[in-house]
Amino acid sequence: MAASANIPLPPLPKIHSLKILRRIFTHRGLPQSGRLTNSFETSPDDPCPNNERLEHIGDSVLGLVVTLLLYEMYPHLRVGPSSKIRSMMVGNITLAEISRKYKLPSFMQFHSAHATTLRASVNTQGELYNFLIWAYNEPPVYVADIFESFVGGLYLDQGLGAVKVWLIPLFRPYAIEAYALVREQYVIPSDSPPAPPASHTTSKPSPFTPPSTPSSLTPGPNGIVNYLYQFNQHLTKLNREAMWTYSEEQVGDGDQNKLMPVWCAMVMVDGKLYGTGKGNTKKAARNAAAKQGLEKLEKSGSNS
């Protein structure tokens, strides 16, 4: 799924706190963002003013606002379809597209060693990476994280009300189209008209390009396959639940300023290990683990 370039965006809100603004655009791999001396928490005299926690907050706030929006627009929608619609609306491809439209990646700062890992073909100099190139070539998961960091920063700066004022008109067109796409998957009879949204029913360009089939594993614009979405789809069909655990480790040559954080994800299904994965972000690690889990689910399904 990719957002249409024809959909206008509401203005980007202004962050009043310069401290929060800097934190939004500081990657956790930047040396100045603090030393990771403890994998559980940082000490009061050794803070890590990067955007990792803002991304975590933004992910939750975004999910809340989109869930409330769907409840307002489609008050009779069941939880299952509503969850699928929300997943489409807040998926990495969609958030990365919005992030690029706002040109958020062009303000990022991060460690040059991290830049080399993400884009080995680009020669980085100093700590400020040339994001004019990176912003349009980096995998969606990283660009989407920046958008979530901005949402988290806006929430801390001005509260939930300001976030809703911005995000509700931004995501309303996505909700309308995602509703139509998910509705088709449920094969609703033609004599049952779709429920109109509660407001703003005027025709707008489609923000999504639907996949060829719901179960396809088609790479996105940057070659990244959303294995997590497919893994969750399989679990839903089988009426099974997954339990995720995460950890973080540091990799590098021993120099504290050159250590890079790497996330590790592990997924259990019915008490059995189904997959493990590593990545520069929690989402990337989870997607890698979901790939293994998906393969195991499909293998067990073919043997049954």
# chains A, B, ... in the order shown; residues from 1 in each chain; ligands from 1
call {"tool": "residues_around", "arguments": {"residues": "Leu68 of chain A", "least_positions_apart": "4", "cutoff": "12 Å", "atoms": "only C-alpha atoms", "output": "NGL selection string"}}
result
:A and (61-64 or 72-75 or 82-83 or 86 or 164 or 167-168 or 171-172 or 175)
call {"tool": "closest_residue", "arguments": {"among": "A:Gln233, A:Thr94, A:Gln185, A:Thr281", "to": "Arg53 of chain A", "atoms": "only C-alpha atoms"}}
result
A:Thr281
call {"tool": "residues_around", "arguments": {"residues": "Ala144 of chain A", "least_positions_apart": "3", "cutoff": "10 Å", "atoms": "only C-alpha atoms", "output": "list in words"}}
result
Glu55, Asp59, Val90, Gly91, Asn92, Ile93, Thr94, Leu95, Ala96, Glu97, Ile98, Ser99, Arg100, Leu104, Pro105, Pro139, Pro140, Val141, Phe147, Glu148 and Ser149 of chain A
call {"tool": "residues_around", "arguments": {"residues": "Ile24 of chain A", "least_positions_apart": "5", "cutoff": "9 Å", "atoms": "only C-alpha atoms", "output": "PyMOL selection string"}}
result
chain A and resi 19+49-52+54-55+108+146+149-150+152-153
call {"tool": "write_last_selection", "arguments": {"atoms": "all heavy atoms", "output": "JSON list (two decimals), in the first residue's frame"}}
result
[["chain", "number", "residue", "atom", "x", "y", "z"],
["A", 19, "LYS", "N", 13.88, 21.77, 23.16],
["A", 19, "LYS", "CA", 14.44, 20.53, 23.70],
["A", 19, "LYS", "C", 13.76, 19.32, 23.09],
["A", 19, "LYS", "O", 14.41, 18.35, 22.67],
["A", 19, "LYS", "CB", 14.31, 20.52, 25.22],
["A", 19, "LYS", "CG", 14.90, 19.29, 25.89],
["A", 19, "LYS", "CD", 14.76, 19.37, 27.40],
["A", 19, "LYS", "CE", 15.34, 18.14, 28.08],
["A", 19, "LYS", "NZ", 15.19, 18.22, 29.57],
["A", 49, "PRO", "N", 18.99, 11.71, 25.34],
["A", 49, "PRO", "CA", 17.97, 12.56, 24.70],
["A", 49, "PRO", "C", 17.81, 12.27, 23.21],
["A", 49, "PRO", "O", 18.02, 13.15, 22.37],
["A", 49, "PRO", "CB", 18.52, 13.97, 24.95],
["A", 49, "PRO", "CG", 19.99, 13.79, 24.95],
["A", 49, "PRO", "CD", 20.25, 12.44, 25.57],
["A", 50, "ASN", "N", 17.47, 11.03, 22.88],
["A", 50, "ASN", "CA", 17.22, 10.71, 21.47],
["A", 50, "ASN", "C", 15.73, 10.46, 21.28],
["A", 50, "ASN", "O", 14.93, 10.59, 22.19],
["A", 50, "ASN", "CB", 18.07, 9.51, 21.05],
["A", 50, "ASN", "CG", 17.84, 8.30, 21.93],
["A", 50, "ASN", "OD1", 16.71, 7.85, 22.12],
["A", 50, "ASN", "ND2", 18.91, 7.77, 22.52],
["A", 51, "ASN", "N", 15.36, 10.07, 20.07],
["A", 51, "ASN", "CA", 13.94, 9.98, 19.75],
["A", 51, "ASN", "C", 13.33, 8.60, 19.97],
["A", 51, "ASN", "O", 12.17, 8.37, 19.61],
["A", 51, "ASN", "CB", 13.69, 10.41, 18.30],
["A", 51, "ASN", "CG", 14.33, 9.44, 17.29],
["A", 51, "ASN", "OD1", 14.92, 8.43, 17.65],
["A", 51, "ASN", "ND2", 14.20, 9.76, 16.02],
["A", 52, "GLU", "N", 14.08, 7.66, 20.57],
["A", 52, "GLU", "CA", 13.57, 6.30, 20.73],
["A", 52, "GLU", "C", 12.30, 6.27, 21.59],
["A", 52, "GLU", "O", 11.30, 5.64, 21.23],
["A", 52, "GLU", "CB", 14.64, 5.40, 21.33],
["A", 52, "GLU", "CG", 14.19, 3.95, 21.46],
["A", 52, "GLU", "CD", 15.26, 3.06, 22.06],
["A", 52, "GLU", "OE1", 16.21, 3.60, 22.67],
["A", 52, "GLU", "OE2", 15.14, 1.83, 21.92],
["A", 54, "LEU", "N", 10.34, 8.82, 22.28],
["A", 54, "LEU", "CA", 9.29, 9.59, 21.61],
["A", 54, "LEU", "C", 8.59, 8.74, 20.56],
["A", 54, "LEU", "O", 7.37, 8.83, 20.38],
["A", 54, "LEU", "CB", 9.88, 10.84, 20.96],
["A", 54, "LEU", "CG", 10.43, 11.92, 21.89],
["A", 54, "LEU", "CD1", 10.90, 13.12, 21.09],
["A", 54, "LEU", "CD2", 9.40, 12.34, 22.93],
["A", 55, "GLU", "N", 9.37, 7.92, 19.87],
["A", 55, "GLU", "CA", 8.77, 7.00, 18.89],
["A", 55, "GLU", "C", 7.83, 6.02, 19.58],
["A", 55, "GLU", "O", 6.73, 5.73, 19.07],
["A", 55, "GLU", "CB", 9.88, 6.23, 18.16],
["A", 55, "GLU", "CG", 9.37, 5.18, 17.20],
["A", 55, "GLU", "CD", 10.43, 4.14, 16.88],
["A", 55, "GLU", "OE1", 11.63, 4.46, 17.02],
["A", 55, "GLU", "OE2", 10.05, 3.01, 16.51],
["A", 108, "MET", "N", 16.90, 14.94, 10.34],
["A", 108, "MET", "CA", 17.45, 13.96, 11.26],
["A", 108, "MET", "C", 18.96, 14.08, 11.43],
["A", 108, "MET", "O", 19.67, 14.44, 10.51],
["A", 108, "MET", "CB", 17.12, 12.55, 10.80],
["A", 108, "MET", "CG", 15.71, 12.10, 11.13],
["A", 108, "MET", "SD", 15.44, 11.94, 12.90],
["A", 108, "MET", "CE", 16.49, 10.54, 13.27],
["A", 146, "ILE", "N", 10.37, 8.15, 12.25],
["A", 146, "ILE", "CA", 10.52, 9.59, 12.43],
["A", 146, "ILE", "C", 9.15, 10.24, 12.61],
["A", 146, "ILE", "O", 8.97, 11.13, 13.45],
["A", 146, "ILE", "CB", 11.26, 10.22, 11.24],
["A", 146, "ILE", "CG1", 12.62, 9.54, 11.04],
["A", 146, "ILE", "CG2", 11.45, 11.72, 11.44],
["A", 146, "ILE", "CD1", 13.33, 9.97, 9.77],
["A", 149, "SER", "N", 7.95, 9.56, 16.02],
["A", 149, "SER", "CA", 8.68, 10.40, 16.98],
["A", 149, "SER", "C", 8.09, 11.80, 17.04],
["A", 149, "SER", "O", 7.97, 12.40, 18.12],
["A", 149, "SER", "CB", 10.17, 10.48, 16.60],
["A", 149, "SER", "OG", 10.77, 9.21, 16.63],
["A", 150, "PHE", "N", 7.71, 12.31, 15.88],
["A", 150, "PHE", "CA", 7.11, 13.64, 15.84],
["A", 150, "PHE", "C", 5.76, 13.65, 16.56],
["A", 150, "PHE", "O", 5.45, 14.58, 17.31],
["A", 150, "PHE", "CB", 6.93, 14.11, 14.40],
["A", 150, "PHE", "CG", 6.61, 15.58, 14.28],
["A", 150, "PHE", "CD1", 7.62, 16.52, 14.11],
["A", 150, "PHE", "CD2", 5.30, 16.04, 14.37],
["A", 150, "PHE", "CE1", 7.33, 17.87, 14.02],
["A", 150, "PHE", "CE2", 5.00, 17.38, 14.28],
["A", 150, "PHE", "CZ", 6.02, 18.30, 14.10],
["A", 152, "GLY", "N", 4.88, 11.65, 19.00],
["A", 152, "GLY", "CA", 5.18, 11.58, 20.43],
["A", 152, "GLY", "C", 5.66, 12.91, 20.99],
["A", 152, "GLY", "O", 5.29, 13.30, 22.09],
["A", 153, "GLY", "N", 6.49, 13.61, 20.22],
["A", 153, "GLY", "CA", 6.98, 14.91, 20.65],
["A", 153, "GLY", "C", 5.87, 15.94, 20.75],
["A", 153, "GLY", "O", 5.82, 16.74, 21.69]]
call {"tool": "closest_residue", "arguments": {"among": "A:Met266, A:Val143, A:Ala242, A:Ile57", "to": "Tyr102 of chain A", "atoms": "only C-alpha atoms"}}
result
A:Val143
call {"tool": "atom_distance", "arguments": {"atom1": "atom CA of Glu177 of chain A", "atom2": "atom CA of Lys101 of chain A"}}
result
19.1 Å
call {"tool": "residues_around", "arguments": {"residues": "Tyr71 of chain A", "least_positions_apart": "6", "cutoff": "10 Å", "atoms": "only C-alpha atoms", "output": "number ranges by chain"}}
result
A: 65, 77-79, 82, 198
call {"tool": "write_last_selection", "arguments": {"atoms": "all heavy atoms", "output": "CSV table (one decimal), in the first residue's frame"}}
result
chain,number,residue,atom,x,y,z
A,65,VAL,N,-5.5,7.6,18.5
A,65,VAL,CA,-6.2,8.6,17.7
A,65,VAL,C,-6.9,7.9,16.5
A,65,VAL,O,-8.1,8.2,16.2
A,65,VAL,CB,-5.3,9.7,17.2
A,65,VAL,CG1,-6.0,10.6,16.3
A,65,VAL,CG2,-4.8,10.5,18.4
A,77,LEU,N,-18.8,-0.8,13.3
A,77,LEU,CA,-17.8,-1.7,12.8
A,77,LEU,C,-17.3,-2.6,13.9
A,77,LEU,O,-17.1,-2.2,15.0
A,77,LEU,CB,-16.6,-0.9,12.2
A,77,LEU,CG,-15.5,-1.6,11.4
A,77,LEU,CD1,-16.1,-2.1,10.1
A,77,LEU,CD2,-14.4,-0.6,11.1
A,78,ARG,N,-17.2,-3.9,13.5
A,78,ARG,CA,-16.7,-4.9,14.5
A,78,ARG,C,-15.2,-4.7,14.8
A,78,ARG,O,-14.5,-4.1,14.0
A,78,ARG,CB,-17.0,-6.3,14.1
A,78,ARG,CG,-18.5,-6.6,14.1
A,78,ARG,CD,-18.8,-8.1,13.8
A,78,ARG,NE,-20.2,-8.4,13.8
A,78,ARG,CZ,-20.9,-8.7,14.9
A,78,ARG,NH1,-20.2,-8.8,16.0
A,78,ARG,NH2,-22.2,-9.0,14.8
A,79,VAL,N,-14.7,-5.3,15.9
A,79,VAL,CA,-13.3,-5.1,16.3
A,79,VAL,C,-12.3,-5.7,15.3
A,79,VAL,O,-11.3,-5.1,15.0
A,79,VAL,CB,-13.1,-5.7,17.7
A,79,VAL,CG1,-11.6,-5.7,18.0
A,79,VAL,CG2,-13.9,-5.0,18.7
A,82,SER,N,-12.0,-3.6,12.2
A,82,SER,CA,-11.5,-2.3,12.6
A,82,SER,C,-10.0,-2.4,12.8
A,82,SER,O,-9.2,-1.5,12.5
A,82,SER,CB,-12.2,-1.8,13.9
A,82,SER,OG,-11.6,-0.6,14.4
A,198,ALA,N,-19.1,9.1,9.1
A,198,ALA,CA,-20.0,10.0,9.8
A,198,ALA,C,-20.0,11.4,9.2
A,198,ALA,O,-20.9,12.1,9.4
A,198,ALA,CB,-19.5,10.0,11.3
call {"tool": "atom_distance", "arguments": {"atom1": "atom CA of Pro8 of chain A", "atom2": "atom CA of Val163 of chain A"}}
result
17.8 Å
call {"tool": "residues_around", "arguments": {"residues": "Lys237 of chain A", "least_positions_apart": "2", "cutoff": "12 Å", "atoms": "only C-alpha atoms", "output": "PyMOL selection string"}}
result
chain A and resi 80+215+230-235+239-241+297-298+301
call {"tool": "atom_distance", "arguments": {"atom1": "atom CA of Leu12 of chain A", "atom2": "atom CA of Tyr174 of chain A"}}
result
17.5 Å
call {"tool": "residues_around", "arguments": {"residues": "Val262 of chain A", "least_positions_apart": "3", "cutoff": "9 Å", "atoms": "only C-alpha atoms", "output": "PyMOL selection string"}}
result
chain A and resi 247-251+278-282+285
call {"tool": "write_last_selection", "arguments": {"atoms": "C-alpha atoms", "output": "PDB file, in the first residue's frame"}}
result
ATOM      1  CA  SER A 247      15.905  -7.239  24.176  1.00  0.00           C
ATOM      2  CA  GLU A 248      18.629  -4.825  23.156  1.00  0.00           C
ATOM      3  CA  GLU A 249      22.351  -5.323  22.668  1.00  0.00           C
ATOM      4  CA  GLN A 250      25.299  -3.167  21.621  1.00  0.00           C
ATOM      5  CA  VAL A 251      27.519  -4.031  18.682  1.00  0.00           C
ATOM      6  CA  LYS A 278      17.412  -8.636  14.818  1.00  0.00           C
ATOM      7  CA  GLY A 279      17.265  -5.099  13.474  1.00  0.00           C
ATOM      8  CA  ASN A 280      18.280  -1.491  14.025  1.00  0.00           C
ATOM      9  CA  THR A 281      14.761  -0.781  15.304  1.00  0.00           C
ATOM     10  CA  LYS A 282      12.245  -2.817  17.256  1.00  0.00           C
ATOM     11  CA  ALA A 285      13.565  -6.971  14.460  1.00  0.00           C
TER      12      ALA A 285
END
call {"tool": "closest_residue", "arguments": {"among": "A:Asp157, A:Lys103, A:His27, A:Pro169", "to": "Pro10 of chain A", "atoms": "only C-alpha atoms"}}
result
A:Pro169
